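Only one structure is covered here, and it is reproduced in the block below.
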Amino acid sequence: MIEVKNITKKYGNFFAVNDISFEVKDNEIVGFLGPNGAGKSTTMNMIAGYIEPTEGKIFVNGKEISKEPNKVKRQIGYMPENTPLYQELTVREFVNYMADLKRVKRKEKKEKVDKVLEQTGLKEVEKKQIRKLSRGYKQRVSLAGALIGNPEVLILDEPTVGLDPKQITEIRELIKKLGKKHTVILSSHILSEVSQICEKVIIINKGKILAVDTPENLEEQFKEENSIYVTVEDKKNNIKKVCEKIRGFKERKLIKENSDGTKQYILTSSKKVDLRKEVFDLFPKNNINILELKTTEITLEDAFLKLINAKEKEMKEKEEKEKQEKAKKEEELNKLPKKERKQAIKQDKKEIKRKEKEEFDKQWEENKRIKKEEKEKKKNAKASKKETTKNNNKQKVTEKRTPKKEKEENKSKGGKK
Amino acid sequence: MWAIIKKEFKSYFLSPIGYIYIGIFLLMCSIFFYLDIFAYMSTDFTYMFGSASTVLTFIVPLITMRMFSEERKNGTEQLLLTSPRSVTSIVLGKFIAAALVVLVSVAATLMYYAILCYFGEPQLGKSLVAILGFALLALAYISFGMFASSLTENQIIAAVISVAFFMISWFLPGFSNAFVNFSLMDAFYMSFVNGTISIQNLVLLLSFTVLFIIFTIMVIQRRKSVK
């Protein structure tokens, strides 16, 4: 299980990742989706422990990565972007080296390396220098490096980039198989891939999470309209009239005219109306023969684009509003005489400083509170431990005492007898 | 750490760098052996090291320049830093591997001693002290070269930084007496070549080595939060 809590990564004033939190459960395959430069790789690098977040915490199986890096890194197999490899080594040497780095035991090493090489289909090239391999094979070597040592969590950064279609399907199958026993996080900007492999999708843009959901739900969520393809034979050109009779009808578009006189249209209506029934009902009555009818599907691609566009619009509007407000303020200031203007500017600055101070104080106090709570928790845990040990001791003592007492009692009883 | 040492040492000889380093070093040693010792019919083995130490300035960067900059450029740094190994063990592993290459080459100079033995009776103790000093000087150079390599992802820049630093530390005492006690080259020249081990110079060389190993660890550690 991976918990990511409010992580932020800042480069100067630029937010590569801005306050992201999410969870990945055991044996789940999660896909990171986003355009280039969205912060996918940065987030993955932070989970793998390659870079440290400016703020926030990351837990892998309950252990924090910045506090116990070596324990956490042991559970993670990381396949970085662009498949960095030691070009001068052979495939087997490389996987051996990765096994050594990950502290695979010497006795099990050969067996495990063999297994991974077989899994990734590298057996035939194991003695070749990595420099001389093709791109697809290099990708597999990188994957093999991530798999060795049987880590519980796999982080794969764009695992199928630059592969041919056959290799892509092979790698996808492999990832699906791995997902049964491992927790997998992968990133991609190919949407069909993510919807095929992943159980959960995290859409991210400009360092912020836009949506976390299953691929199916995302598609469902963005279905605003019902639309269908129909191919009809319409000798009397009735279709225009008929369509107007349908409830909730919105739009009719001609797609193509076939050589045999049939025409294909896209019909759209509002979400509530099921167009198919109406079309089946009305068209034959008006001498229109339906030859084909099927629903169109909103793909994940559409959902993705819509989400990103909507967010970008929102951001732009916000920025514009801020700009307008600023301009207004400046105009007002310009109207004032010099002295007052200066004073007004000073006051503004003071207020900004005051606000900053307040925020800082708030954070400070919160941090204090959190620390206190943690301390108390620790204390309580210690106290409860002590109590339990004490109780155990007491029990032992009582246990020790009881036989004596019984004996004494027996004695006294015997005496009485 | 053992895994890193093994791989790094192997890498030096999978690429031509290791052979080039040892080749140039022994070639120059042979030349100095001929010019400084053979030509004067001397049996003082230490003369050779006095001259050979100047060569170190130019060839140690050959092996140190690739240590971290190559990894950074190829991105293999990601594999190292995401493995369950501490930065300290990674840096030490690389340092020891480079040190081994240099020590092998230094050990090879013993063959000149053997040649001298054939012609006369060189002083063993004095020679060993010179070799020890030479090895310590080389270690100090490696440590700084590694530091320079951790600063940049361009190998040539790393090499230039180290050569420039070695040259400066070489010539500085000429400008002012204040620097005499801090020059690595002088620390070697003043005592070890003459067959004496001075505590002051020993400490200078060793502490310099340790200092720049620690600096390298700090640079790598810090890059995690900056990168």
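Residue names in the structure tokens use chain letters A, B, ... in the order shown, residue numbers from 1 in each chain, and ligand numbers from 1 in the order shown.
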
Could you give me, as a Markdown table, every chain B residue with an atom at most 8 Å from chain A, plus its closest atom pair and distance in Å to one decimal, counting only C-alpha atoms, rows ordered by chain then number?
| residue | atom | partner | partner_atom | distance |
| --- | --- | --- | --- | --- |
| B:Ala3 | CA | A:Asp100 | CA | 5.8 |
| B:Ile4 | CA | A:Leu101 | CA | 7.6 |
| B:Lys7 | CA | A:Tyr97 | CA | 7.2 |
| B:Ser11 | CA | A:Glu88 | CA | 7.3 |
| B:Leu14 | CA | A:Glu88 | CA | 6.6 |
| B:Ser15 | CA | A:Glu88 | CA | 7.3 |
| B:Asn74 | CA | A:Pro84 | CA | 5.9 |
| B:Gly75 | CA | A:Pro84 | CA | 5.1 |
| B:Thr76 | CA | A:Pro84 | CA | 5.0 |
| B:Gln78 | CA | A:Tyr50 | CA | 6.3 |
| B:Leu79 | CA | A:Tyr78 | CA | 7.7 |
| B:Leu80 | CA | A:Leu101 | CA | 7.9 |
| B:Leu81 | CA | A:Tyr50 | CA | 5.8 |
| B:Thr82 | CA | A:Tyr50 | CA | 5.4 |
| B:Ser83 | CA | A:Lys73 | CA | 6.0 |
| B:Pro84 | CA | A:Asn70 | CA | 4.5 |
| B:Arg85 | CA | A:Asn70 | CA | 6.3 |
| B:Ser86 | CA | A:Asn70 | CA | 7.2 |
| B:Arg223 | CA | A:Ile51 | CA | 7.9 |
| B:Lys224 | CA | A:Ile51 | CA | 4.5 |
| B:Ser225 | CA | A:Glu52 | CA | 4.9 |
| B:Val226 | CA | A:Tyr11 | CA | 7.6 |
| B:Lys227 | CA | A:Ile51 | CA | 6.5 |

DSSP-assigned strand (DSSP E or B) among region 98-335 of chain A, expressed as a PyMOL selection string
chain A and resi 129+153-157+183-188+200-205+208-213+225-233+249-257+263-270+289-295

Using C-alpha atoms, can you write the selected residues to a file as a CSV table (one decimal), in the first residue's frame?
chain,number,residue,atom,x,y,z
A,129,GLN,CA,26.5,-6.1,-24.5
A,153,VAL,CA,5.8,-2.2,-5.5
A,154,LEU,CA,6.7,-1.7,-9.1
A,155,ILE,CA,7.0,1.9,-10.5
A,156,LEU,CA,7.2,1.9,-14.3
A,157,ASP,CA,7.8,5.2,-16.0
A,183,THR,CA,1.3,-3.2,-6.7
A,184,VAL,CA,2.0,-1.4,-9.9
A,185,ILE,CA,2.2,2.3,-10.7
A,186,LEU,CA,2.8,3.2,-14.3
A,187,SER,CA,2.7,6.4,-16.3
A,188,SER,CA,1.8,6.9,-19.8
A,200,LYS,CA,-7.5,3.1,-11.5
A,201,VAL,CA,-6.5,6.2,-13.3
A,202,ILE,CA,-5.0,9.3,-11.9
A,203,ILE,CA,-5.2,12.2,-14.3
A,204,ILE,CA,-2.7,14.9,-13.6
A,205,ASN,CA,-1.9,18.2,-15.3
A,208,LYS,CA,-2.3,18.9,-9.9
A,209,ILE,CA,-4.6,15.9,-9.7
A,210,LEU,CA,-7.7,16.5,-11.9
A,211,ALA,CA,-9.4,13.1,-11.3
A,212,VAL,CA,-9.0,9.8,-9.7
A,213,ASP,CA,-11.3,7.1,-10.8
A,225,GLU,CA,-25.1,13.6,-24.7
A,226,ASN,CA,-26.5,10.5,-26.3
A,227,SER,CA,-25.5,10.1,-29.9
A,228,ILE,CA,-25.9,7.3,-32.4
A,229,TYR,CA,-24.8,6.3,-35.9
A,230,VAL,CA,-27.6,5.4,-38.3
A,231,THR,CA,-27.4,4.3,-41.9
A,232,VAL,CA,-30.7,4.6,-43.6
A,233,GLU,CA,-32.3,4.2,-47.0
A,249,PHE,CA,-33.5,16.0,-30.3
A,250,LYS,CA,-30.5,18.2,-30.8
A,251,GLU,CA,-28.5,17.7,-33.9
A,252,ARG,CA,-28.3,15.8,-37.2
A,253,LYS,CA,-25.1,15.4,-39.2
A,254,LEU,CA,-24.5,13.7,-42.5
A,255,ILE,CA,-21.3,11.7,-42.4
A,256,LYS,CA,-21.3,10.1,-45.8
A,257,GLU,CA,-23.4,9.2,-48.8
A,263,LYS,CA,-26.8,7.7,-46.1
A,264,GLN,CA,-25.0,7.7,-42.7
A,265,TYR,CA,-25.9,10.2,-40.1
A,266,ILE,CA,-24.9,11.0,-36.5
A,267,LEU,CA,-27.9,11.9,-34.4
A,268,THR,CA,-27.5,13.5,-31.0
A,269,SER,CA,-30.0,14.2,-28.2
A,270,SER,CA,-29.9,15.1,-24.6
A,289,ASN,CA,-35.4,1.9,-43.8
A,290,ILE,CA,-32.8,1.4,-41.1
A,291,LEU,CA,-29.8,-0.5,-42.3
A,292,GLU,CA,-27.5,0.0,-39.4
A,293,LEU,CA,-27.7,1.6,-35.9
A,294,LYS,CA,-25.0,1.8,-33.2
A,295,THR,CA,-24.2,4.0,-30.3

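Note that CA of Pro284 (chain A) and CA of Lys241 (chain A) are 13.4 Å apart.
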
Residues near Ile197 (chain A), anyone? I mean within 7 Å using only C-alpha atoms, not counting same-chain ones fewer than 3 positions away, as an NGL selection string.
:A and (172 or 176 or 193-194)

As an exercise, work out the distance from CA of Thr109 (chain B) to CA of Cys29 (chain B) in Å and give it to one decimal place.
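According to the coordinates, CA of Thr109 (chain B) and CA of Cys29 (chain B) are separated by 7.7 Å.
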
When DSSP works through the backbone of this structure, what residues of region 96-231 of chain A end up as alpha helix (DSSP H), shown as JSON, numbers by chain?
{"A": [96, 97, 98, 99, 100, 101, 106, 107, 108, 109, 110, 111, 112, 113, 114, 115, 116, 117, 118, 119, 135, 136, 137, 138, 139, 140, 141, 142, 143, 144, 145, 146, 147, 165, 166, 167, 168, 169, 170, 171, 172, 173, 174, 175, 176, 177, 178, 191, 192, 193, 194, 195, 196, 197, 215, 216, 217, 218, 219, 220, 221]}

Can you tell me, as a ChimeraX atom specification, what residues are no more than 8 Å from Phe25 (chain B) when counting only C-alpha atoms, ignoring any on the same chain fewer than 2 positions away?
/B:21-23,27-29,55-56,59,105

At a cut-off of 9 Å, using only C-alpha atoms, what residues contact Tyr112 (chain B)? Leave out same-chain residues fewer than 2 positions from it and give the result as a ChimeraX atom specification.
/B:29-30,33,45,108-110,114-117

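Residue nearest Gln155 (chain B), chosen from B:Lys94, B:Arg66, B:Arg72, B:Lys126 and counting only C-alpha atoms: B:Arg66.
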
Near Val193 (chain B), counting only C-alpha atoms, which residues have an atom at most 9 Å away, once you skip same-chain residues fewer than 2 positions from it, shown as number ranges by chain?
B: 46-47, 49-50, 126-127, 129-131, 133-134, 188-191, 195-196

Output file for the selection above: all heavy atoms, as a compact mmCIF listing (two decimals), in the first residue's frame:
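The file below, selection-v3.txt, is the result:
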# COMPACT_ATOMS: atom_id res chain seq x y z
N THR B 46 63.91 6.60 -5.10
CA THR B 46 62.91 7.63 -4.81
C THR B 46 62.92 8.77 -5.83
O THR B 46 61.93 9.46 -5.99
CB THR B 46 63.16 8.24 -3.41
OG1 THR B 46 64.49 8.74 -3.40
CG2 THR B 46 62.98 7.22 -2.33
N TYR B 47 64.03 8.94 -6.54
CA TYR B 47 64.08 10.03 -7.52
C TYR B 47 62.94 9.94 -8.53
O TYR B 47 62.38 10.94 -8.96
CB TYR B 47 65.41 10.01 -8.29
CG TYR B 47 66.58 10.52 -7.49
CD1 TYR B 47 67.89 10.36 -7.95
CD2 TYR B 47 66.37 11.15 -6.27
CE1 TYR B 47 68.96 10.82 -7.22
CE2 TYR B 47 67.45 11.63 -5.54
CZ TYR B 47 68.74 11.45 -6.01
OH TYR B 47 69.80 11.90 -5.28
N PHE B 49 59.96 8.86 -8.23
CA PHE B 49 58.63 9.30 -7.78
C PHE B 49 58.51 10.82 -7.74
O PHE B 49 57.45 11.37 -7.94
CB PHE B 49 58.32 8.72 -6.40
CG PHE B 49 57.98 7.28 -6.47
CD1 PHE B 49 58.85 6.32 -6.00
CD2 PHE B 49 56.76 6.89 -7.03
CE1 PHE B 49 58.52 4.99 -6.08
CE2 PHE B 49 56.45 5.56 -7.11
CZ PHE B 49 57.33 4.60 -6.64
N GLY B 50 59.64 11.47 -7.47
CA GLY B 50 59.61 12.94 -7.47
C GLY B 50 59.10 13.46 -8.79
O GLY B 50 58.26 14.37 -8.83
N LYS B 126 63.59 3.31 2.53
CA LYS B 126 63.39 4.61 1.92
C LYS B 126 62.45 4.50 0.72
O LYS B 126 61.54 5.32 0.52
CB LYS B 126 64.75 5.15 1.47
CG LYS B 126 64.77 6.65 1.29
CD LYS B 126 66.17 7.09 0.86
CE LYS B 126 66.13 8.53 0.39
NZ LYS B 126 67.37 8.96 -0.21
N SER B 127 62.64 3.44 -0.08
CA SER B 127 61.79 3.26 -1.26
C SER B 127 60.34 3.04 -0.86
O SER B 127 59.42 3.59 -1.47
CB SER B 127 62.28 2.06 -2.07
OG SER B 127 63.64 2.17 -2.32
N VAL B 129 58.80 4.02 1.82
CA VAL B 129 58.21 5.27 2.30
C VAL B 129 57.81 6.15 1.12
O VAL B 129 56.74 6.75 1.09
CB VAL B 129 59.20 6.02 3.22
CG1 VAL B 129 58.70 7.43 3.50
CG2 VAL B 129 59.36 5.27 4.52
N ALA B 130 58.67 6.20 0.11
CA ALA B 130 58.34 7.01 -1.07
C ALA B 130 57.08 6.47 -1.74
O ALA B 130 56.20 7.23 -2.16
CB ALA B 130 59.50 6.99 -2.05
N ILE B 131 57.00 5.13 -1.85
CA ILE B 131 55.82 4.53 -2.47
C ILE B 131 54.57 4.85 -1.66
O ILE B 131 53.53 5.22 -2.20
CB ILE B 131 56.00 3.00 -2.61
CG1 ILE B 131 57.04 2.72 -3.68
CG2 ILE B 131 54.67 2.35 -2.97
CD1 ILE B 131 57.28 1.25 -3.90
N GLY B 133 54.07 7.44 0.31
CA GLY B 133 53.72 8.84 0.11
C GLY B 133 53.06 9.05 -1.25
O GLY B 133 52.07 9.78 -1.36
N PHE B 134 53.61 8.38 -2.25
CA PHE B 134 53.06 8.52 -3.59
C PHE B 134 51.61 8.03 -3.63
O PHE B 134 50.73 8.66 -4.22
CB PHE B 134 53.92 7.71 -4.56
CG PHE B 134 53.62 7.99 -5.99
CD1 PHE B 134 54.02 9.18 -6.57
CD2 PHE B 134 52.93 7.07 -6.75
CE1 PHE B 134 53.74 9.45 -7.89
CE2 PHE B 134 52.64 7.33 -8.07
CZ PHE B 134 53.05 8.52 -8.65
N PHE B 188 54.22 15.94 -0.19
CA PHE B 188 54.88 14.73 -0.67
C PHE B 188 56.38 14.95 -0.83
O PHE B 188 57.19 14.16 -0.37
CB PHE B 188 54.23 14.34 -1.99
CG PHE B 188 54.92 13.23 -2.69
CD1 PHE B 188 55.00 11.97 -2.12
CD2 PHE B 188 55.50 13.43 -3.93
CE1 PHE B 188 55.64 10.94 -2.77
CE2 PHE B 188 56.15 12.40 -4.58
CZ PHE B 188 56.22 11.16 -4.00
N TYR B 189 56.74 16.07 -1.45
CA TYR B 189 58.15 16.37 -1.73
C TYR B 189 58.99 16.53 -0.49
O TYR B 189 60.11 16.07 -0.41
CB TYR B 189 58.24 17.68 -2.53
CG TYR B 189 58.32 17.47 -4.02
CD1 TYR B 189 57.50 18.16 -4.89
CD2 TYR B 189 59.24 16.56 -4.55
CE1 TYR B 189 57.57 17.97 -6.25
CE2 TYR B 189 59.32 16.36 -5.91
CZ TYR B 189 58.49 17.07 -6.76
OH TYR B 189 58.56 16.87 -8.09
N MET B 190 58.40 17.24 0.50
CA MET B 190 59.21 17.65 1.64
C MET B 190 59.66 16.48 2.49
O MET B 190 60.73 16.50 3.07
CB MET B 190 58.43 18.63 2.54
CG MET B 190 58.14 19.95 1.87
SD MET B 190 59.65 20.76 1.44
CE MET B 190 59.05 22.14 0.53
N SER B 191 58.80 15.47 2.61
CA SER B 191 59.19 14.41 3.55
C SER B 191 59.30 13.03 2.91
O SER B 191 60.34 12.39 2.98
CB SER B 191 58.20 14.37 4.71
OG SER B 191 56.91 14.18 4.20
N GLY B 195 62.43 9.89 2.38
CA GLY B 195 62.42 8.70 3.21
C GLY B 195 62.00 8.95 4.64
O GLY B 195 62.21 8.11 5.50
N THR B 196 61.39 10.09 4.91
CA THR B 196 60.90 10.33 6.27
C THR B 196 59.39 10.51 6.24
O THR B 196 58.85 11.11 5.32
CB THR B 196 61.51 11.61 6.87
OG1 THR B 196 61.27 12.67 5.95
CG2 THR B 196 62.98 11.46 7.13
